[in-house]
Every structure is written in structure tokens, then in C-alpha cells.
file coords00.txt (compact mmCIF, C-alpha atoms)
# COMPACT_ATOMS: atom_id res chain seq x y z
CA MET A 946 -7.05 65.84 -58.95
CA VAL A 947 -9.88 66.95 -61.21
CA LEU A 948 -13.20 65.19 -61.60
CA SER A 949 -13.50 64.47 -65.30
CA ALA A 950 -16.84 64.23 -67.07
CA GLU A 951 -16.43 60.44 -66.93
CA ASP A 952 -15.78 60.59 -63.16
CA LYS A 953 -18.90 62.70 -62.64
CA THR A 954 -21.00 60.26 -64.64
CA ASN A 955 -19.52 57.29 -62.77
CA VAL A 956 -20.20 58.88 -59.37
CA LYS A 957 -23.79 59.84 -60.25
CA THR A 958 -24.53 56.42 -61.76
CA PHE A 959 -23.06 54.50 -58.84
CA TRP A 960 -24.67 56.72 -56.21
CA GLY A 961 -28.03 56.19 -57.91
CA LYS A 962 -27.68 52.46 -57.27
CA LEU A 963 -27.57 53.02 -53.52
CA GLY A 964 -31.24 53.98 -53.58
CA ALA A 965 -33.04 53.65 -50.27
CA HIS A 966 -29.94 52.08 -48.68
CA THR A 967 -27.86 55.28 -48.68
CA ALA A 968 -28.48 56.01 -44.98
CA GLU A 969 -27.86 52.37 -44.05
CA TYR A 970 -24.49 52.39 -45.82
CA GLY A 971 -23.60 55.72 -44.21
CA GLY A 972 -24.26 54.26 -40.78
CA GLU A 973 -22.32 51.13 -41.61
CA ALA A 974 -19.34 53.18 -42.81
CA LEU A 975 -19.44 55.34 -39.67
CA GLU A 976 -19.53 52.26 -37.43
CA ARG A 977 -16.64 50.79 -39.44
CA MET A 978 -14.65 54.02 -38.92
CA PHE A 979 -15.22 53.95 -35.15
CA THR A 980 -14.12 50.30 -35.07
CA ALA A 981 -11.07 50.63 -37.33
CA PHE A 982 -9.95 54.03 -36.05
CA PRO A 983 -10.92 54.17 -32.35
CA ALA A 984 -9.42 57.64 -31.85
CA THR A 985 -12.29 59.04 -33.96
CA LYS A 986 -14.68 58.20 -31.12
CA THR A 987 -13.30 61.11 -29.10
CA TYR A 988 -15.41 63.52 -31.17
CA PHE A 989 -18.57 61.64 -30.22
CA PRO A 990 -18.28 60.98 -26.45
CA HIS A 991 -22.05 61.05 -25.99
CA PHE A 992 -22.72 58.35 -28.64
CA ASP A 993 -23.72 54.80 -27.84
CA MET A 994 -20.89 52.99 -29.66
CA SER A 995 -22.46 49.55 -29.58
CA HIS A 996 -23.07 47.66 -32.82
CA GLY A 997 -26.26 48.87 -34.50
CA SER A 998 -26.54 51.97 -32.29
CA ASP A 999 -29.39 54.29 -33.24
CA GLN A 1000 -27.11 57.28 -32.71
CA ILE A 1001 -24.51 55.95 -35.13
CA LYS A 1002 -27.22 55.12 -37.66
CA ALA A 1003 -28.72 58.60 -37.35
CA HIS A 1004 -25.37 60.34 -37.77
CA GLY A 1005 -24.46 58.04 -40.65
CA LYS A 1006 -27.73 59.04 -42.28
CA LYS A 1007 -26.81 62.74 -41.94
CA VAL A 1008 -23.42 62.12 -43.54
CA ALA A 1009 -24.98 60.05 -46.35
CA GLU A 1010 -27.57 62.77 -47.01
CA ALA A 1011 -24.80 65.38 -47.22
CA LEU A 1012 -22.90 63.19 -49.69
CA THR A 1013 -26.07 62.71 -51.74
CA ARG A 1014 -26.39 66.52 -51.92
CA ALA A 1015 -22.73 66.66 -52.96
CA VAL A 1016 -23.38 64.21 -55.78
CA GLY A 1017 -26.07 66.62 -56.98
CA HIS A 1018 -23.65 69.57 -56.84
CA LEU A 1019 -20.42 68.11 -58.17
CA ASP A 1020 -19.38 71.47 -59.61
CA ASP A 1021 -19.93 73.36 -56.34
CA LEU A 1022 -19.05 71.23 -53.34
CA HIS A 1023 -18.65 74.29 -51.10
CA LYS A 1024 -22.36 74.08 -50.21
CA LEU A 1025 -21.71 71.08 -47.95
CA ARG A 1026 -22.26 71.20 -44.21
CA VAL A 1027 -20.12 68.36 -42.83
CA ASP A 1028 -17.35 68.58 -40.25
CA PRO A 1029 -14.09 67.77 -42.08
CA VAL A 1030 -12.37 66.19 -39.07
CA ASN A 1031 -11.91 62.48 -39.74
CA PHE A 1032 -13.77 62.70 -43.06
CA LYS A 1033 -10.78 61.21 -44.88
CA LEU A 1034 -10.99 58.11 -42.68
CA LEU A 1035 -14.76 57.96 -43.09
CA GLY A 1036 -14.36 58.24 -46.87
CA HIS A 1037 -12.05 55.24 -46.84
CA CYS A 1038 -14.53 53.27 -44.72
CA LEU A 1039 -17.33 54.26 -47.07
CA LEU A 1040 -15.39 52.93 -50.07
CA VAL A 1041 -14.83 49.61 -48.26
CA THR A 1042 -18.54 49.44 -47.32
CA LEU A 1043 -19.70 50.16 -50.86
CA ALA A 1044 -17.25 47.70 -52.38
CA GLY A 1045 -18.66 45.02 -50.09
CA HIS A 1046 -22.24 45.76 -51.13
CA PHE A 1047 -21.56 46.28 -54.86
CA PRO A 1048 -18.63 44.03 -55.79
CA GLY A 1049 -19.76 43.66 -59.40
CA ASP A 1050 -19.97 47.42 -59.91
CA PHE A 1051 -16.82 48.33 -58.01
CA SER A 1052 -14.29 48.29 -60.84
CA PRO A 1053 -10.90 50.00 -60.62
CA THR A 1054 -12.30 52.85 -62.73
CA MET A 1055 -15.34 53.24 -60.47
CA GLU A 1056 -13.18 53.13 -57.34
CA ALA A 1057 -10.91 55.83 -58.80
CA SER A 1058 -13.91 58.05 -59.64
CA LEU A 1059 -15.45 57.64 -56.17
CA ASP A 1060 -12.08 58.23 -54.51
CA LYS A 1061 -11.62 61.45 -56.53
CA PHE A 1062 -15.12 62.55 -55.54
CA LEU A 1063 -14.44 61.95 -51.85
CA SER A 1064 -11.09 63.76 -52.16
CA HIS A 1065 -12.92 66.76 -53.65
CA VAL A 1066 -15.42 66.69 -50.81
CA ILE A 1067 -12.57 66.64 -48.28
CA SER A 1068 -10.84 69.53 -50.05
CA ALA A 1069 -14.04 71.59 -50.09
CA LEU A 1070 -14.67 70.89 -46.41
CA PHE A 1071 -11.17 71.85 -45.34
CA SER A 1072 -11.25 75.05 -47.41
CA LYS A 1073 -14.30 76.14 -45.37
CA TYR A 1074 -12.55 75.55 -42.05
CA GLN A 1075 -9.28 77.38 -42.79
call {"tool": "encode", "arguments": {"input": "coords00.txt", "output": "C-alpha cells"}}
result
Amino acid sequence: MVLSAEDKTNVKTFWGKLGAHTAEYGGEALERMFTAFPATKTYFPHFDMSHGSDQIKAHGKKVAEALTRAVGHLDDLHKLRVDPVNFKLLGHCLLVTLAGHFPGDFSPTMEASLDKFLSHVISALFSKYQ
């Protein structure tokens, strides 16, 4: 799956709309992942898993910041520093979170572009850990 020029534009445009809420949405997606896929909690045994946990928010912020860097380096995603374990599940939860916050902007074309982007991130992460 290749990110076309249109996909890259879609991802950059949509990500720009997140603005100051990027970290908030990252934390929300991470909390959603822990809720929907409880087995993912095993990698974070020291985290407070309660709703609104500062630890989940802080880690969600780190993930969101890494994705923001990825959006700025769409042609070289190998510069990322994110653990690939469970990232596919987190990517799904992020798409659900963003669709909930931006229903008017979340068209099938936009969803496909964001999904391709997240798939490329996952591929880049796994290639680093092989």
C-alpha cells in the first residue's frame, strides 16, 4: 500500500486540524485501546488504568507527538521511536477517536488515507524491530 500524493495531502491537512488537541486525542485513543483490548495492559503493569489517568494521558501524548513527527516525515518514517507492539490496535482506536471528534471531515477517502498512513507507520516500526 503506497501513500499517494493525495493521501499525503489528506493526512497533513487532517492532522493540522487536530491542533492543540493532538495529545488529548492520543490519550483518549490509548485509553480506548486498553478498554477494548485488555490484553494490551500487560505491557503497562505500572500504569494507573483508571479513566482519565495522568499516566495514560502522558503516554498518549508521547504517541501523538511521535505521530505528529511522522506526519512531518511521510517519506522517511524510519525515524520514529515508538514500540510497534500493539500499535495496530492503537491505530484502529485512534481512527475511531478521530472519527468521533471530526465526523464532518472523516470521509471514506480521508479514512483510507489515514489508514494507509498508520499502516506505513506500523510497517516502519516493525522493520526496525526485526
call {"tool": "residues_around", "arguments": {"input": "coords00.txt", "residues": "region 1007-1015 of chain A", "least_positions_apart": "6", "cutoff": "6 Å", "atoms": "all atoms listed in the file", "output": "list in words"}}
result
Ala968, Gly971 and Leu1022 of chain A
call {"tool": "closest_residue", "arguments": {"input": "coords00.txt", "among": "A:Thr980, A:Ser1058, A:Ser1064, A:Asn1031", "to": "Ile1001 (chain A)", "atoms": "all atoms listed in the file"}}
result
A:Thr980
call {"tool": "residues_near_point", "arguments": {"input": "coords00.txt", "point": "(-19.6, 49.7, -51.1)", "cutoff": "12 Å", "atoms": "all atoms listed in the file", "output": "number ranges by chain"}}
result
A: 959-960, 962-963, 966-967, 969-971, 973-974, 1036-1052, 1055-1056, 1059-1060
call {"tool": "closest_residue", "arguments": {"input": "coords00.txt", "among": "A:Leu1034, A:Asp1021, A:Phe979, A:Ser998", "to": "His1065 (chain A)", "atoms": "all atoms listed in the file"}}
result
A:Asp1021
call {"tool": "residues_around", "arguments": {"input": "coords00.txt", "residues": "Lys986 (chain A)", "least_positions_apart": "2", "cutoff": "12 Å", "atoms": "all atoms listed in the file", "output": "VMD selection string"}}
result
chain A and resid 975 to 984 988 to 995 1001 1030 to 1031 1035
call {"tool": "atom_distance", "arguments": {"input": "coords00.txt", "atom1": "CA of Phe1062 (chain A)", "atom2": "CA of His996 (chain A)"}}
result
28.3 Å
call {"tool": "atom_distance", "arguments": {"input": "coords00.txt", "atom1": "CA of Glu951 (chain A)", "atom2": "CA of Val1016 (chain A)"}}
result
13.7 Å
call {"tool": "closest_residue", "arguments": {"input": "coords00.txt", "among": "A:Gly1017, A:Thr987, A:Gly972, A:Ala1003", "to": "Val956 (chain A)", "atoms": "all atoms listed in the file"}}
result
A:Gly1017
call {"tool": "atom_distance", "arguments": {"input": "coords00.txt", "atom1": "CA of Asn955 (chain A)", "atom2": "CA of Gly1005 (chain A)"}}
result
22.7 Å
call {"tool": "build_atoms", "arguments": {"input": "coords00.txt", "residues": "region 946-957 of chain A", "atoms": "all heavy atoms", "output": "PDB file, in the coordinates of the input"}}
result
ATOM      1  N   MET A 946      -6.248  66.898 -58.358  1.00  0.00           N
ATOM      2  CA  MET A 946      -7.050  65.840 -58.950  1.00  0.00           C
ATOM      3  C   MET A 946      -8.383  66.437 -59.390  1.00  0.00           C
ATOM      4  O   MET A 946      -9.128  66.969 -58.584  1.00  0.00           O
ATOM      5  CB  MET A 946      -7.273  64.753 -57.892  1.00  0.00           C
ATOM      6  CG  MET A 946      -7.531  63.418 -58.459  1.00  0.00           C
ATOM      7  SD  MET A 946      -7.819  62.096 -57.233  1.00  0.00           S
ATOM      8  CE  MET A 946      -6.573  62.319 -56.013  1.00  0.00           C
ATOM      9  N   VAL A 947      -8.664  66.361 -60.650  1.00  0.00           N
ATOM     10  CA  VAL A 947      -9.880  66.950 -61.210  1.00  0.00           C
ATOM     11  C   VAL A 947     -10.885  65.846 -61.520  1.00  0.00           C
ATOM     12  O   VAL A 947     -10.527  64.786 -62.017  1.00  0.00           O
ATOM     13  CB  VAL A 947      -9.536  67.726 -62.504  1.00  0.00           C
ATOM     14  CG1 VAL A 947     -10.777  68.247 -63.178  1.00  0.00           C
ATOM     15  CG2 VAL A 947      -8.566  68.855 -62.199  1.00  0.00           C
ATOM     16  N   LEU A 948     -12.133  66.126 -61.227  1.00  0.00           N
ATOM     17  CA  LEU A 948     -13.200  65.190 -61.600  1.00  0.00           C
ATOM     18  C   LEU A 948     -13.511  65.398 -63.071  1.00  0.00           C
ATOM     19  O   LEU A 948     -14.023  66.444 -63.465  1.00  0.00           O
ATOM     20  CB  LEU A 948     -14.462  65.448 -60.783  1.00  0.00           C
ATOM     21  CG  LEU A 948     -14.550  64.843 -59.404  1.00  0.00           C
ATOM     22  CD1 LEU A 948     -15.797  65.333 -58.696  1.00  0.00           C
ATOM     23  CD2 LEU A 948     -14.545  63.339 -59.451  1.00  0.00           C
ATOM     24  N   SER A 949     -13.211  64.399 -63.867  1.00  0.00           N
ATOM     25  CA  SER A 949     -13.500  64.470 -65.300  1.00  0.00           C
ATOM     26  C   SER A 949     -15.003  64.255 -65.517  1.00  0.00           C
ATOM     27  O   SER A 949     -15.735  63.863 -64.594  1.00  0.00           O
ATOM     28  CB  SER A 949     -12.714  63.397 -66.049  1.00  0.00           C
ATOM     29  OG  SER A 949     -13.189  62.101 -65.683  1.00  0.00           O
ATOM     30  N   ALA A 950     -15.435  64.486 -66.733  1.00  0.00           N
ATOM     31  CA  ALA A 950     -16.840  64.230 -67.070  1.00  0.00           C
ATOM     32  C   ALA A 950     -17.171  62.758 -66.833  1.00  0.00           C
ATOM     33  O   ALA A 950     -18.254  62.422 -66.341  1.00  0.00           O
ATOM     34  CB  ALA A 950     -17.109  64.621 -68.524  1.00  0.00           C
ATOM     35  N   GLU A 951     -16.226  61.872 -67.155  1.00  0.00           N
ATOM     36  CA  GLU A 951     -16.430  60.440 -66.930  1.00  0.00           C
ATOM     37  C   GLU A 951     -16.560  60.147 -65.431  1.00  0.00           C
ATOM     38  O   GLU A 951     -17.420  59.366 -65.014  1.00  0.00           O
ATOM     39  CB  GLU A 951     -15.286  59.621 -67.519  1.00  0.00           C
ATOM     40  CG  GLU A 951     -15.442  58.124 -67.289  1.00  0.00           C
ATOM     41  CD  GLU A 951     -14.261  57.302 -67.790  1.00  0.00           C
ATOM     42  OE1 GLU A 951     -13.201  57.886 -68.125  1.00  0.00           O
ATOM     43  OE2 GLU A 951     -14.390  56.071 -67.820  1.00  0.00           O
ATOM     44  N   ASP A 952     -15.695  60.772 -64.610  1.00  0.00           N
ATOM     45  CA  ASP A 952     -15.780  60.590 -63.160  1.00  0.00           C
ATOM     46  C   ASP A 952     -17.143  61.026 -62.641  1.00  0.00           C
ATOM     47  O   ASP A 952     -17.760  60.333 -61.832  1.00  0.00           O
ATOM     48  CB  ASP A 952     -14.697  61.397 -62.435  1.00  0.00           C
ATOM     49  CG  ASP A 952     -13.291  60.871 -62.660  1.00  0.00           C
ATOM     50  OD1 ASP A 952     -13.122  59.638 -62.788  1.00  0.00           O
ATOM     51  OD2 ASP A 952     -12.366  61.707 -62.700  1.00  0.00           O
ATOM     52  N   LYS A 953     -17.606  62.180 -63.094  1.00  0.00           N
ATOM     53  CA  LYS A 953     -18.900  62.700 -62.640  1.00  0.00           C
ATOM     54  C   LYS A 953     -20.031  61.745 -63.004  1.00  0.00           C
ATOM     55  O   LYS A 953     -20.914  61.476 -62.186  1.00  0.00           O
ATOM     56  CB  LYS A 953     -19.157  64.082 -63.215  1.00  0.00           C
ATOM     57  CG  LYS A 953     -18.239  65.141 -62.650  1.00  0.00           C
ATOM     58  CD  LYS A 953     -18.453  66.481 -63.320  1.00  0.00           C
ATOM     59  CE  LYS A 953     -17.452  67.503 -62.817  1.00  0.00           C
ATOM     60  NZ  LYS A 953     -17.639  68.814 -63.442  1.00  0.00           N
ATOM     61  N   THR A 954     -19.983  61.219 -64.209  1.00  0.00           N
ATOM     62  CA  THR A 954     -21.000  60.260 -64.640  1.00  0.00           C
ATOM     63  C   THR A 954     -20.916  58.990 -63.805  1.00  0.00           C
ATOM     64  O   THR A 954     -21.941  58.459 -63.359  1.00  0.00           O
ATOM     65  CB  THR A 954     -20.825  59.918 -66.146  1.00  0.00           C
ATOM     66  OG1 THR A 954     -21.004  61.127 -66.898  1.00  0.00           O
ATOM     67  CG2 THR A 954     -21.825  58.877 -66.605  1.00  0.00           C
ATOM     68  N   ASN A 955     -19.696  58.497 -63.573  1.00  0.00           N
ATOM     69  CA  ASN A 955     -19.520  57.290 -62.770  1.00  0.00           C
ATOM     70  C   ASN A 955     -20.072  57.481 -61.359  1.00  0.00           C
ATOM     71  O   ASN A 955     -20.787  56.617 -60.840  1.00  0.00           O
ATOM     72  CB  ASN A 955     -18.026  56.926 -62.662  1.00  0.00           C
ATOM     73  CG  ASN A 955     -17.467  56.335 -63.931  1.00  0.00           C
ATOM     74  OD1 ASN A 955     -18.203  55.901 -64.805  1.00  0.00           O
ATOM     75  ND2 ASN A 955     -16.156  56.335 -64.041  1.00  0.00           N
ATOM     76  N   VAL A 956     -19.750  58.614 -60.730  1.00  0.00           N
ATOM     77  CA  VAL A 956     -20.200  58.880 -59.370  1.00  0.00           C
ATOM     78  C   VAL A 956     -21.727  58.949 -59.323  1.00  0.00           C
ATOM     79  O   VAL A 956     -22.374  58.326 -58.474  1.00  0.00           O
ATOM     80  CB  VAL A 956     -19.571  60.182 -58.819  1.00  0.00           C
ATOM     81  CG1 VAL A 956     -20.241  60.621 -57.529  1.00  0.00           C
ATOM     82  CG2 VAL A 956     -18.071  59.986 -58.609  1.00  0.00           C
ATOM     83  N   LYS A 957     -22.327  59.697 -60.241  1.00  0.00           N
ATOM     84  CA  LYS A 957     -23.790  59.840 -60.250  1.00  0.00           C
ATOM     85  C   LYS A 957     -24.483  58.496 -60.513  1.00  0.00           C
ATOM     86  O   LYS A 957     -25.476  58.168 -59.875  1.00  0.00           O
ATOM     87  CB  LYS A 957     -24.224  60.865 -61.286  1.00  0.00           C
ATOM     88  CG  LYS A 957     -23.900  62.281 -60.873  1.00  0.00           C
ATOM     89  CD  LYS A 957     -24.323  63.287 -61.937  1.00  0.00           C
ATOM     90  CE  LYS A 957     -23.975  64.692 -61.481  1.00  0.00           C
ATOM     91  NZ  LYS A 957     -24.409  65.712 -62.433  1.00  0.00           N
TER      92      LYS A 957
END
